[in-house]
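Listing of protein-v9.json; format and content: JSON, C-alpha atoms and all ligand atoms.
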[["chain", "number", "residue", "atom", "x", "y", "z"],
["L", 30, "MET", "CA", 19.44, 23.10, 4.52],
["L", 31, "SER", "CA", 18.40, 25.86, 6.93],
["L", 32, "PRO", "CA", 19.93, 29.32, 6.36],
["L", 33, "TYR", "CA", 21.89, 29.63, 9.62],
["L", 34, "CYS", "CA", 24.68, 27.35, 10.84],
["L", 35, "TYR", "CA", 27.50, 27.40, 13.38],
["L", 36, "ALA", "CA", 30.96, 27.81, 11.82],
["L", 37, "ASN", "CA", 34.05, 27.44, 14.02],
["L", 38, "ASN", "CA", 32.83, 29.60, 16.92],
["L", 39, "LYS", "CA", 29.85, 31.63, 15.78],
["L", 40, "ILE", "CA", 26.48, 31.52, 14.11],
["L", 41, "VAL", "CA", 26.66, 32.64, 10.49],
["L", 42, "LYS", "CA", 24.69, 32.30, 7.27],
["L", 43, "LEU", "CA", 25.34, 28.98, 5.56],
["L", 44, "THR", "CA", 26.14, 30.91, 2.37],
["L", 45, "GLU", "CA", 28.99, 32.68, 4.21],
["L", 46, "THR", "CA", 30.83, 29.51, 5.29],
["L", 47, "LYS", "CA", 34.17, 28.77, 3.70],
["L", 48, "VAL", "CA", 36.14, 25.57, 3.18],
["L", 49, "LEU", "CA", 39.35, 25.96, 1.21],
["L", 50, "ALA", "CA", 39.70, 23.89, -1.94],
["L", 51, "ASN", "CA", 42.80, 22.20, -0.48],
["L", 52, "ASP", "CA", 40.95, 21.06, 2.66],
["L", 53, "LEU", "CA", 41.41, 17.28, 3.02],
["L", 54, "ALA", "CA", 37.62, 16.97, 3.16],
["L", 55, "VAL", "CA", 37.57, 18.19, -0.46],
["L", 56, "LEU", "CA", 40.76, 16.55, -1.71],
["L", 57, "ARG", "CA", 40.51, 13.19, 0.03],
["L", 58, "GLY", "CA", 37.01, 12.91, 1.54],
["L", 59, "TYR", "CA", 38.80, 13.12, 4.91],
["L", 60, "GLY", "CA", 36.63, 14.44, 7.71],
["L", 61, "VAL", "CA", 34.06, 13.21, 10.21],
["L", 62, "PHE", "CA", 30.46, 14.05, 10.96],
["L", 63, "ASP", "CA", 27.49, 13.02, 13.02],
["L", 64, "PHE", "CA", 23.80, 13.40, 12.52],
["L", 65, "ALA", "CA", 21.20, 13.77, 15.27],
["L", 66, "ARG", "CA", 17.60, 14.91, 15.59],
["L", 67, "ILE", "CA", 15.69, 17.40, 17.68],
["L", 68, "TYR", "CA", 12.00, 16.84, 18.37],
["L", 69, "ASN", "CA", 9.84, 19.46, 20.04],
["L", 70, "LYS", "CA", 12.94, 21.66, 20.68],
["L", 71, "THR", "CA", 14.47, 18.78, 22.66],
["L", 72, "PRO", "CA", 17.63, 17.00, 21.41],
["L", 73, "PHE", "CA", 17.22, 13.21, 21.14],
["L", 74, "HIS", "CA", 20.36, 11.41, 22.39],
["L", 75, "LEU", "CA", 22.55, 14.30, 21.19],
["L", 76, "GLU", "CA", 25.11, 13.41, 23.84],
["L", 77, "ASP", "CA", 25.49, 9.89, 22.35],
["L", 78, "HIS", "CA", 25.99, 11.44, 18.91],
["L", 79, "PHE", "CA", 28.59, 13.85, 20.28],
["L", 80, "VAL", "CA", 30.48, 10.99, 21.99],
["L", 81, "ARG", "CA", 30.53, 9.06, 18.70],
["L", 82, "PHE", "CA", 31.61, 12.22, 16.84],
["L", 83, "CYS", "CA", 34.60, 12.51, 19.21],
["L", 84, "GLN", "CA", 35.41, 8.81, 18.74],
["L", 85, "SER", "CA", 35.23, 9.17, 14.94],
["L", 86, "ALA", "CA", 37.54, 12.21, 15.13],
["L", 87, "LYS", "CA", 39.99, 10.32, 17.35],
["L", 88, "LEU", "CA", 40.08, 7.39, 14.92],
["L", 89, "LEU", "CA", 41.05, 9.83, 12.14],
["L", 90, "GLY", "CA", 43.51, 11.76, 14.31],
["L", 91, "LEU", "CA", 41.38, 14.93, 14.33],
["L", 92, "LYS", "CA", 40.79, 17.15, 17.34],
["L", 93, "VAL", "CA", 37.24, 18.24, 18.17],
["L", 94, "PRO", "CA", 37.51, 21.94, 19.10],
["L", 95, "VAL", "CA", 34.33, 22.10, 21.23],
["L", 96, "GLU", "CA", 32.80, 20.54, 24.34],
["L", 97, "LEU", "CA", 29.30, 19.05, 24.52],
["L", 98, "ASN", "CA", 28.00, 22.18, 26.27],
["L", 99, "THR", "CA", 29.00, 24.38, 23.34],
["L", 100, "VAL", "CA", 27.19, 22.04, 20.95],
["L", 101, "LEU", "CA", 24.03, 22.09, 23.10],
["L", 102, "LYS", "CA", 24.06, 25.89, 23.37],
["L", 103, "ALA", "CA", 24.83, 26.44, 19.68],
["L", 104, "THR", "CA", 22.10, 23.99, 18.71],
["L", 105, "ALA", "CA", 19.52, 25.75, 20.91],
["L", 106, "ASN", "CA", 20.51, 29.11, 19.36],
["L", 107, "LEU", "CA", 20.34, 27.70, 15.83],
["L", 108, "LEU", "CA", 16.81, 26.40, 16.45],
["L", 109, "VAL", "CA", 15.72, 29.93, 17.31],
["L", 110, "LYS", "CA", 17.62, 31.55, 14.41],
["L", 111, "ASN", "CA", 16.24, 29.01, 11.93],
["L", 112, "LYS", "CA", 12.72, 29.22, 13.47],
["L", 113, "LEU", "CA", 12.46, 25.44, 13.92],
["L", 114, "LYS", "CA", 10.87, 23.20, 16.55],
["L", 115, "ASP", "CA", 11.91, 19.89, 14.98],
["L", 116, "ALA", "CA", 15.24, 19.69, 13.18],
["L", 117, "SER", "CA", 18.20, 17.61, 12.14],
["L", 118, "VAL", "CA", 21.65, 18.57, 13.40],
["L", 119, "ARG", "CA", 24.84, 17.71, 11.56],
["L", 120, "LEU", "CA", 28.21, 18.12, 13.29],
["L", 121, "VAL", "CA", 31.04, 18.32, 10.76],
["L", 122, "LEU", "CA", 34.82, 18.39, 11.21],
["L", 123, "THR", "CA", 37.10, 18.57, 8.18],
["L", 124, "GLY", "CA", 40.66, 17.26, 7.82],
["L", 125, "GLY", "CA", 41.77, 20.87, 7.25],
["L", 126, "ALA", "CA", 43.55, 22.78, 4.48],
["L", 127, "SER", "CA", 46.69, 20.84, 3.62],
["L", 128, "ASP", "CA", 49.89, 22.28, 2.13],
["L", 129, "ASP", "CA", 51.00, 19.03, 0.54],
["L", 130, "GLY", "CA", 47.49, 17.74, -0.09],
["L", 131, "ILE", "CA", 47.82, 14.73, 2.21],
["L", 132, "SER", "CA", 48.97, 15.88, 5.69],
["L", 133, "LEU", "CA", 46.39, 17.05, 8.22],
["L", 134, "GLY", "CA", 45.68, 20.78, 8.37],
["L", 135, "LYS", "CA", 43.62, 23.02, 10.65],
["L", 136, "SER", "CA", 40.17, 21.44, 10.92],
["L", 137, "GLN", "CA", 37.01, 23.45, 10.23],
["L", 138, "PHE", "CA", 34.08, 22.74, 12.54],
["L", 139, "PHE", "CA", 30.44, 23.28, 11.56],
["L", 140, "ILE", "CA", 26.99, 22.59, 12.95],
["L", 141, "LEU", "CA", 24.41, 22.48, 10.18],
["L", 142, "MET", "CA", 20.68, 22.34, 10.71],
["L", 143, "ASP", "CA", 17.72, 21.34, 8.57],
["L", 144, "LYS", "CA", 14.01, 20.71, 8.91],
["L", 145, "LEU", "CA", 12.95, 17.09, 9.37],
["L", 146, "THR", "CA", 11.78, 14.96, 6.50],
["L", 147, "ASP", "CA", 10.30, 11.52, 7.12],
["L", 148, "TYR", "CA", 9.45, 8.64, 4.81],
["L", 149, "SER", "CA", 5.81, 8.18, 3.85],
["L", 150, "PRO", "CA", 3.77, 6.08, 6.33],
["L", 151, "ASP", "CA", 3.56, 3.30, 3.67],
["L", 152, "VAL", "CA", 7.25, 2.53, 4.20],
["L", 153, "PHE", "CA", 6.49, 1.55, 7.80],
["L", 154, "THR", "CA", 3.18, -0.25, 7.21],
["L", 155, "LYS", "CA", 4.04, -2.09, 3.97],
["L", 156, "GLY", "CA", 7.80, -2.45, 4.38],
["L", 157, "ALA", "CA", 10.66, -1.51, 2.08],
["L", 158, "LYS", "CA", 13.21, -3.11, -0.23],
["L", 159, "LEU", "CA", 17.04, -3.22, -0.17],
["L", 160, "ILE", "CA", 19.60, -3.91, -2.86],
["L", 161, "THR", "CA", 22.94, -5.47, -1.97],
["L", 162, "VAL", "CA", 26.35, -4.15, -3.00],
["L", 163, "GLN", "CA", 29.71, -5.81, -2.31],
["L", 164, "HIS", "CA", 31.53, -3.36, -0.06],
["L", 165, "ALA", "CA", 33.06, -2.97, 3.38],
["L", 166, "ARG", "CA", 33.40, 0.62, 4.61],
["L", 167, "PRO", "CA", 37.03, 1.42, 5.41],
["L", 168, "LEU", "CA", 37.53, 2.52, 9.06],
["L", 169, "ALA", "CA", 33.94, 1.37, 9.56],
["L", 170, "GLU", "CA", 33.78, 2.34, 13.25],
["L", 171, "ALA", "CA", 34.19, 6.01, 12.28],
["L", 172, "LYS", "CA", 31.44, 8.15, 10.77],
["L", 173, "HIS", "CA", 33.75, 9.72, 8.22],
["L", 174, "THR", "CA", 32.74, 11.77, 5.22],
["L", 175, "ASN", "CA", 33.78, 9.25, 2.58],
["L", 176, "TYR", "CA", 30.45, 7.96, 1.25],
["L", 177, "ALA", "CA", 31.77, 7.50, -2.32],
["L", 178, "VAL", "CA", 30.28, 4.02, -2.71],
["L", 179, "ALA", "CA", 26.93, 5.11, -1.22],
["L", 180, "VAL", "CA", 26.69, 8.06, -3.61],
["L", 181, "LYS", "CA", 27.78, 6.00, -6.62],
["L", 182, "TRP", "CA", 24.95, 3.46, -6.15],
["L", 183, "GLN", "CA", 22.08, 5.91, -5.47],
["L", 184, "GLU", "CA", 20.83, 5.83, -9.06],
["L", 185, "LYS", "CA", 20.73, 2.02, -9.09],
["L", 186, "ARG", "CA", 18.96, 2.03, -5.71],
["L", 187, "GLN", "CA", 16.31, 4.43, -6.97],
["L", 188, "LYS", "CA", 15.74, 2.48, -10.18],
["L", 189, "ALA", "CA", 15.27, -0.70, -8.12],
["L", 190, "GLY", "CA", 12.71, 1.06, -5.89],
["L", 191, "ALA", "CA", 14.88, 0.30, -2.86],
["L", 192, "ILE", "CA", 15.14, 2.40, 0.29],
["L", 193, "GLU", "CA", 18.77, 1.56, 1.06],
["L", 194, "ILE", "CA", 21.87, -0.32, -0.05],
["L", 195, "LEU", "CA", 22.95, -3.30, 2.04],
["L", 196, "TYR", "CA", 26.74, -3.76, 2.13],
["L", 197, "VAL", "CA", 27.86, -7.39, 2.00],
["L", 198, "ASP", "CA", 31.44, -8.62, 2.09],
["L", 199, "ASN", "CA", 32.68, -12.19, 1.51],
["L", 200, "GLY", "CA", 29.27, -13.69, 2.27],
["L", 201, "LYS", "CA", 28.84, -11.56, 5.41],
["L", 202, "ILE", "CA", 26.23, -8.87, 5.95],
["L", 203, "LEU", "CA", 27.66, -5.66, 7.41],
["L", 204, "GLU", "CA", 25.35, -2.63, 7.42],
["L", 205, "CYS", "CA", 23.52, -0.39, 5.02],
["L", 206, "ALA", "CA", 25.03, 2.70, 3.39],
["L", 207, "MET", "CA", 23.43, 4.94, 6.03],
["L", 208, "SER", "CA", 21.73, 2.53, 8.46],
["L", 209, "ASN", "CA", 22.31, -0.58, 10.56],
["L", 210, "PHE", "CA", 20.65, -3.89, 9.73],
["L", 211, "GLY", "CA", 19.12, -6.79, 11.65],
["L", 212, "ILE", "CA", 16.86, -9.81, 11.21],
["L", 213, "PHE", "CA", 14.51, -11.89, 13.33],
["L", 214, "LYS", "CA", 14.53, -15.67, 13.29],
["L", 215, "GLY", "CA", 11.50, -16.44, 15.43],
["L", 216, "ASN", "CA", 11.93, -14.34, 18.54],
["L", 217, "THR", "CA", 15.70, -14.01, 18.18],
["L", 218, "LEU", "CA", 17.06, -10.72, 16.88],
["L", 219, "ILE", "CA", 20.38, -11.13, 15.06],
["L", 220, "THR", "CA", 22.52, -8.15, 14.03],
["L", 221, "PRO", "CA", 26.11, -7.84, 12.75],
["L", 222, "LYS", "CA", 28.58, -6.98, 15.48],
["L", 223, "ASN", "CA", 31.90, -6.06, 13.82],
["L", 224, "ASP", "CA", 33.12, -3.81, 11.01],
["L", 225, "ILE", "CA", 30.08, -1.53, 11.27],
["L", 226, "LEU", "CA", 29.27, 1.92, 12.57],
["L", 227, "ALA", "CA", 27.88, 1.64, 16.11],
["L", 228, "GLY", "CA", 24.53, 3.28, 15.36],
["L", 229, "VAL", "CA", 22.90, 5.33, 18.10],
["L", 230, "THR", "CA", 19.47, 4.05, 16.97],
["L", 231, "ARG", "CA", 20.83, 0.48, 16.93],
["L", 232, "LYS", "CA", 21.98, 0.85, 20.54],
["L", 233, "ILE", "CA", 18.59, 2.19, 21.70],
["L", 234, "VAL", "CA", 16.69, -0.47, 19.73],
["L", 235, "LEU", "CA", 18.82, -3.34, 21.05],
["L", 236, "LYS", "CA", 18.23, -2.16, 24.61],
["L", 237, "LEU", "CA", 14.47, -2.11, 23.99],
["L", 238, "ALA", "CA", 14.61, -5.48, 22.19],
["L", 239, "ARG", "CA", 16.25, -7.19, 25.18],
["L", 240, "LYS", "CA", 13.03, -6.64, 27.15],
["L", 241, "LYS", "CA", 11.17, -9.06, 24.84],
["L", 242, "PHE", "CA", 13.55, -10.95, 22.57],
["L", 243, "LYS", "CA", 16.80, -12.88, 22.60],
["L", 244, "VAL", "CA", 19.47, -10.65, 21.01],
["L", 245, "GLU", "CA", 22.53, -12.00, 19.19],
["L", 246, "GLU", "CA", 25.21, -9.53, 18.10],
["L", 247, "ARG", "CA", 27.41, -11.68, 15.88],
["L", 248, "GLU", "CA", 28.57, -12.41, 12.34],
["L", 249, "LEU", "CA", 25.50, -12.56, 10.07],
["L", 250, "LEU", "CA", 25.78, -14.48, 6.81],
["L", 251, "VAL", "CA", 23.98, -13.57, 3.58],
["L", 252, "SER", "CA", 22.85, -17.22, 3.42],
["L", 253, "GLU", "CA", 20.87, -16.69, 6.66],
["L", 254, "LEU", "CA", 18.52, -14.23, 4.95],
["L", 255, "ALA", "CA", 16.66, -17.15, 3.34],
["L", 256, "ASP", "CA", 15.38, -18.34, 6.76],
["L", 257, "ALA", "CA", 14.81, -14.88, 8.25],
["L", 258, "ASP", "CA", 11.22, -14.23, 9.38],
["L", 259, "GLU", "CA", 11.69, -10.47, 9.45],
["L", 260, "ALA", "CA", 14.36, -7.90, 8.59],
["L", 261, "PHE", "CA", 14.73, -4.25, 9.49],
["L", 262, "LEU", "CA", 17.10, -1.32, 9.44],
["L", 263, "THR", "CA", 17.70, 1.41, 11.98],
["L", 264, "ALA", "CA", 18.95, 4.99, 11.59],
["L", 265, "THR", "CA", 18.43, 8.38, 13.16],
["L", 266, "ASN", "CA", 16.37, 9.66, 10.22],
["L", 267, "LYS", "CA", 14.54, 6.36, 9.59],
["L", 268, "TYR", "CA", 13.55, 5.07, 13.06],
["L", 269, "VAL", "CA", 13.02, 1.30, 12.47],
["L", 270, "VAL", "CA", 12.14, 0.45, 8.86],
["L", 271, "PRO", "CA", 10.71, -3.02, 8.13],
["L", 272, "ILE", "CA", 12.44, -4.71, 5.17],
["L", 273, "VAL", "CA", 10.34, -7.16, 3.17],
["L", 274, "LYS", "CA", 12.57, -7.75, 0.11],
["L", 275, "ILE", "CA", 16.33, -7.86, -0.47],
["L", 276, "ASP", "CA", 17.29, -7.99, -4.17],
["L", 277, "ASN", "CA", 14.92, -10.71, -5.41],
["L", 278, "LEU", "CA", 14.55, -12.49, -2.08],
["L", 279, "LYS", "CA", 11.27, -12.15, -0.19],
["L", 280, "ILE", "CA", 11.89, -11.89, 3.55],
["L", 281, "GLY", "CA", 9.58, -14.20, 5.56],
["L", 282, "ASN", "CA", 6.05, -13.94, 4.16],
["L", 283, "GLY", "CA", 6.88, -10.61, 2.46],
["L", 284, "LYS", "CA", 4.82, -8.64, 4.97],
["L", 285, "VAL", "CA", 5.77, -6.45, 7.93],
["L", 286, "GLY", "CA", 6.18, -8.76, 10.92],
["L", 287, "PRO", "CA", 4.98, -8.29, 14.52],
["L", 288, "ASN", "CA", 8.45, -8.06, 16.07],
["L", 289, "THR", "CA", 9.59, -5.20, 13.84],
["L", 290, "LYS", "CA", 6.25, -3.45, 14.45],
["L", 291, "TRP", "CA", 6.85, -3.77, 18.18],
["L", 292, "LEU", "CA", 10.41, -2.37, 17.89],
["L", 293, "LEU", "CA", 9.19, 0.63, 15.91],
["L", 294, "ALA", "CA", 6.38, 1.33, 18.40],
["L", 295, "GLU", "CA", 8.78, 1.09, 21.36],
["L", 296, "PHE", "CA", 11.31, 3.34, 19.64],
["L", 297, "LYS", "CA", 8.60, 5.97, 19.00],
["L", 298, "LYS", "CA", 7.64, 5.74, 22.69],
["L", 299, "GLU", "CA", 11.27, 6.47, 23.59],
["L", 300, "ILE", "CA", 11.17, 9.67, 21.49],
["L", 301, "ASP", "CA", 7.90, 10.58, 23.16],
["L", 302, "LYS", "CA", 9.30, 9.96, 26.63],
["L", 303, "ILE", "CA", 12.41, 12.08, 26.08],
["L", 304, "CYS", "CA", 11.09, 14.86, 23.86],
["L", 305, "TYR", "CA", 7.38, 15.29, 24.48],
["L", 306, "LYS", "CA", 6.38, 14.11, 27.97],
["L", 307, "ASN", "CA", 5.80, 17.08, 30.28],
["L", 308, "LYS", "CA", 6.99, 19.44, 27.55],
["L", 309, "LYS", "CA", 3.76, 20.16, 25.70],
["M", 401, "LIG", "C1", 27.25, 3.76, 7.68],
["M", 401, "LIG", "C2", 26.17, 3.99, 8.68],
["M", 401, "LIG", "N1", 25.79, 2.97, 9.48],
["M", 401, "LIG", "C3", 24.80, 3.14, 10.40],
["M", 401, "LIG", "C4", 24.14, 4.35, 10.54],
["M", 401, "LIG", "C5", 23.04, 4.51, 11.58],
["M", 401, "LIG", "O1", 23.50, 5.25, 12.68],
["M", 401, "LIG", "P1", 22.53, 6.11, 13.61],
["M", 401, "LIG", "O2", 21.50, 5.17, 14.15],
["M", 401, "LIG", "O3", 23.41, 6.64, 14.68],
["M", 401, "LIG", "O4", 21.91, 7.18, 12.76],
["M", 401, "LIG", "C6", 24.53, 5.44, 9.74],
["M", 401, "LIG", "C7", 23.86, 6.74, 9.90],
["M", 401, "LIG", "O5", 23.95, 7.63, 9.11],
["M", 401, "LIG", "C8", 25.56, 5.25, 8.79],
["M", 401, "LIG", "O6", 25.95, 6.27, 7.99]]
In structure tokens, how does this file's structure come out?
Ligand SMILES: Cc1ncc(COP(=O)(O)O)c(C=O)c1O
Amino acid sequence: MSPYCYANNKIVKLTETKVLANDLAVLRGYGVFDFARIYNKTPFHLEDHFVRFCQSAKLLGLKVPVELNTVLKATANLLVKNKLKDASVRLVLTGGASDDGISLGKSQFFILMDKLTDYSPDVFTKGAKLITVQHARPLAEAKHTNYAVAVKWQEKRQKAGAIEILYVDNGKILECAMSNFGIFKGNTLITPKNDILAGVTRKIVLKLARKKFKVEERELLVSELADADEAFLTATNKYVVPIVKIDNLKIGNGKVGPNTKWLLAEFKKEIDKICYKNKK
């Protein structure tokens, strides 16, 4: 994590930030966050992330103490302070210190920054693996700080050589621990619609996909994976990752397919258009 962050209303050293031990974020995993990226000193869809941050807060009954403008200004200042050109930005709002340990307190608001780290190019050219875990995120539409199940299964994921955990519930596919999921059957893209986080990357990718493919946002069954030609996940820090294996099931011919390759290329063009064109 970079040394400087924004805490409540000023830029401070990360080591100087304070969250009380009776904050609901500590006691109950009760808080919200969002995670965006900056390329070439230019925020990528930060407004969409801020809108979702506010929606997550509203779902949990928390009040966001800043406007978008403050976030944009603070982020620009943090880039300079942290000497970064490309960065990740994490907005965080806690449930607040609570007298009785369960009622909401006064929220703490932070903007954290870090340098970017990407997966190795092999992940995109050869494809990656997922493992499945039975789970449905509670309050799934909110990006809340309770990732207990995701953290618990990290060791198993690593041992299996998987990039992500795919949550499945009663025979339905939902989303990954930190990404959205979709498949192609021929030239039809199918992605779960309900009980998921509305990913910002998912939204951009679906808009791009509609130029070339039929898109179905609907219930997706685990049994449909057997006839999928391609599978992929989307997330801010992962772009579009081709998935070639899920548990022991090979997806399609086990190789990265043309439709996923196209989505990834179009998504990269979108970053280029917003963050690099005319800015070099
Ligand atoms: C549970 C969950 N679903 C989906 C996503 C993908 O969302 P986005 O594309 O906005 O990064 C994330 C991102 O961290 C996530 O935590």
At a cut-off of 12 Å around the point (19.5, 0.9, 21.7) (file coordinates), what residues fall inside when counting only C-alpha atoms? I'd like the answer as a list of chain:residue names.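 The residues near that point, listed by chain and number, are L:His74, L:Asp77, L:Asn209, L:Ala227, L:Gly228, L:Val229, L:Thr230, L:Arg231, L:Lys232, L:Ile233, L:Val234, L:Leu235, L:Lys236, L:Leu237, L:Ala238, L:Arg239, L:Lys240, L:Val244, L:Thr263, L:Ala264, L:Thr265, L:Tyr268, L:Val269, L:Leu292, L:Leu293, L:Glu295, L:Phe296, L:Glu299.
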Looking at L:Ser252, L:Asn223, L:Gln187, L:Thr289, which one is nearest to ligand LIG 401 (chain M), with distances taken over all atoms listed in the file? L:Asn223
Using all atoms listed in the file, find the one residue out of L:Asn98, L:Gln137, L:Thr71, L:Ser117 that sits nearest to ligand LIG 401 (chain M). L:Ser117
Interatomic distance between CA of Arg119 (chain L) and CA of Asp143 (chain L)?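 Between these atoms lies a distance of 8.5 Å.
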Distance query 6 Å from (20.9, -4.5, 9.7) using all atoms listed in the file, result as a PyMOL selection string: chain L and resi 204+209-211+220+262
I need the residues from that last selection saved to file as a PDB file, in the frame of the given file (with C-alpha atoms), if you can.
ATOM      1  CA  GLU L 204      25.350  -2.630   7.420  1.00  0.00           C
ATOM      2  CA  ASN L 209      22.310  -0.580  10.560  1.00  0.00           C
ATOM      3  CA  PHE L 210      20.650  -3.890   9.730  1.00  0.00           C
ATOM      4  CA  GLY L 211      19.120  -6.790  11.650  1.00  0.00           C
ATOM      5  CA  THR L 220      22.520  -8.150  14.030  1.00  0.00           C
ATOM      6  CA  LEU L 262      17.100  -1.320   9.440  1.00  0.00           C
TER       7      LEU L 262
END
Tell me, as a list in words, which residues lie within 8 Å of Ala165 (chain L), counting all atoms listed in the file; anything in the same chain fewer than 3 positions away does not count.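 Here the qualifying residues turn out to be Ala169, Tyr196, Val197, Asp198, Leu203 and Asp224 of chain L.
Closest approach to ligand LIG 401 (chain M) from the set L:Leu91, L:Val55, L:Leu218, L:Ala177 is made by L:Ala177, with distances taken over all atoms listed in the file.
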With distances taken over only C-alpha atoms and all ligand atoms, which of L:Gly190, L:Gly156, L:Gly283, L:Pro167 is nearest to ligand LIG 401 (chain M)?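 Of L:Gly190, L:Gly156, L:Gly283, L:Pro167, the one nearest ligand LIG 401 (chain M), counting only C-alpha atoms and all ligand atoms, is L:Pro167.
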Listed atoms of region 257-264 of chain L, axis-aligned box, 6 Å per side: centre and edge lengths to one decimal in Å, as AutoDock Vina command-line options?
--center_x 15.1 --center_y -4.9 --center_z 10.1 --size_x 19.7 --size_y 31.9 --size_z 15.7
Can you work out the spacing between CA of Met30 (chain L) and CA of Leu226 (chain L) in Å, to one decimal? 24.7 Å
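Excluding Gly281 (chain L) itself and same-chain residues fewer than 5 positions from it, the residues having an atom within 12 Å of it are Gly156, Ile212, Phe213, Lys214, Gly215, Glu253, Leu254, Ala255, Asp256, Ala257, Asp258, Glu259, Ala260, Phe261, Pro271, Ile272, Val273, Lys274, Ile275, Gly286 and Pro287 of chain L, counting all atoms listed in the file.
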Selected residues, C-alpha atoms, written as a CSV table (one decimal), in the frame of the given file, please.
chain,number,residue,atom,x,y,z
L,156,GLY,CA,7.8,-2.4,4.4
L,212,ILE,CA,16.9,-9.8,11.2
L,213,PHE,CA,14.5,-11.9,13.3
L,214,LYS,CA,14.5,-15.7,13.3
L,215,GLY,CA,11.5,-16.4,15.4
L,253,GLU,CA,20.9,-16.7,6.7
L,254,LEU,CA,18.5,-14.2,5.0
L,255,ALA,CA,16.7,-17.2,3.3
L,256,ASP,CA,15.4,-18.3,6.8
L,257,ALA,CA,14.8,-14.9,8.2
L,258,ASP,CA,11.2,-14.2,9.4
L,259,GLU,CA,11.7,-10.5,9.4
L,260,ALA,CA,14.4,-7.9,8.6
L,261,PHE,CA,14.7,-4.2,9.5
L,271,PRO,CA,10.7,-3.0,8.1
L,272,ILE,CA,12.4,-4.7,5.2
L,273,VAL,CA,10.3,-7.2,3.2
L,274,LYS,CA,12.6,-7.8,0.1
L,275,ILE,CA,16.3,-7.9,-0.5
L,286,GLY,CA,6.2,-8.8,10.9
L,287,PRO,CA,5.0,-8.3,14.5
Residue nearest ligand LIG 401 (chain M) - candidates L:Leu168, L:Val100, L:Ile300, L:Leu278, atoms counted: all atoms listed in the file: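 Distance minimum relative to ligand LIG 401 (chain M) lands on L:Leu168.
Considering all atoms listed in the file, the residue among L:Phe138, L:Phe82, L:Tyr148, L:Tyr59 positioned nearest to Lys172 (chain L) is L:Phe82.
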Can you tell me how far CA of Ala206 (chain L) sits from CA of Leu250 (chain L), in Å to one decimal? 17.5 Å
Closest atom pairs, residues of region 132-246 of chain L within 9 Å of region 102-112 of chain L, only C-alpha atoms, as a tab-separated table:
residue	atom	partner	partner_atom	distance
L:Ile140	CA	L:Thr104	CA	7.7
L:Leu141	CA	L:Leu107	CA	8.7
L:Met142	CA	L:Leu107	CA	7.4
L:Asp143	CA	L:Asn111	CA	8.5
Hey, what's within 8 Å of region 56-58 of chain L if we count all atoms listed in the file and toss same-chain stuff fewer than 3 positions away? As an MDAnalysis selection string, please? chainID L and resid 50:53 130:131 174:175
Got a minute to add N, CA and C atoms to region 98-109 of chain L and dump it as an mmCIF file, keeping the file's coordinate frame?
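Final file, selection_32.cif:
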data_model
loop_
_atom_site.group_PDB
_atom_site.id
_atom_site.type_symbol
_atom_site.label_atom_id
_atom_site.label_comp_id
_atom_site.auth_asym_id
_atom_site.auth_seq_id
_atom_site.Cartn_x
_atom_site.Cartn_y
_atom_site.Cartn_z
ATOM 1 N N ASN L 98 28.795 21.007 25.876
ATOM 2 C CA ASN L 98 28.000 22.180 26.270
ATOM 3 C C ASN L 98 27.886 23.213 25.163
ATOM 4 N N THR L 99 28.995 23.423 24.467
ATOM 5 C CA THR L 99 29.000 24.380 23.340
ATOM 6 C C THR L 99 28.043 23.906 22.253
ATOM 7 N N VAL L 100 28.069 22.597 21.994
ATOM 8 C CA VAL L 100 27.190 22.040 20.950
ATOM 9 C C VAL L 100 25.729 22.221 21.367
ATOM 10 N N LEU L 101 25.423 21.956 22.639
ATOM 11 C CA LEU L 101 24.030 22.090 23.100
ATOM 12 C C LEU L 101 23.559 23.539 22.993
ATOM 13 N N LYS L 102 24.437 24.472 23.419
ATOM 14 C CA LYS L 102 24.060 25.890 23.370
ATOM 15 C C LYS L 102 23.897 26.361 21.924
ATOM 16 N N ALA L 103 24.873 26.006 21.083
ATOM 17 C CA ALA L 103 24.830 26.440 19.680
ATOM 18 C C ALA L 103 23.588 25.869 18.993
ATOM 19 N N THR L 104 23.253 24.621 19.318
ATOM 20 C CA THR L 104 22.100 23.990 18.710
ATOM 21 C C THR L 104 20.806 24.701 19.125
ATOM 22 N N ALA L 105 20.706 25.039 20.419
ATOM 23 C CA ALA L 105 19.520 25.750 20.910
ATOM 24 C C ALA L 105 19.404 27.111 20.202
ATOM 25 N N ASN L 106 20.530 27.811 20.046
ATOM 26 C CA ASN L 106 20.510 29.110 19.360
ATOM 27 C C ASN L 106 20.132 28.966 17.883
ATOM 28 N N LEU L 107 20.639 27.917 17.257
ATOM 29 C CA LEU L 107 20.340 27.700 15.830
ATOM 30 C C LEU L 107 18.854 27.411 15.615
ATOM 31 N N LEU L 108 18.251 26.697 16.557
ATOM 32 C CA LEU L 108 16.810 26.400 16.450
ATOM 33 C C LEU L 108 16.020 27.705 16.389
ATOM 34 N N VAL L 109 16.412 28.645 17.266
ATOM 35 C CA VAL L 109 15.720 29.930 17.310
ATOM 36 C C VAL L 109 15.970 30.701 16.010
#
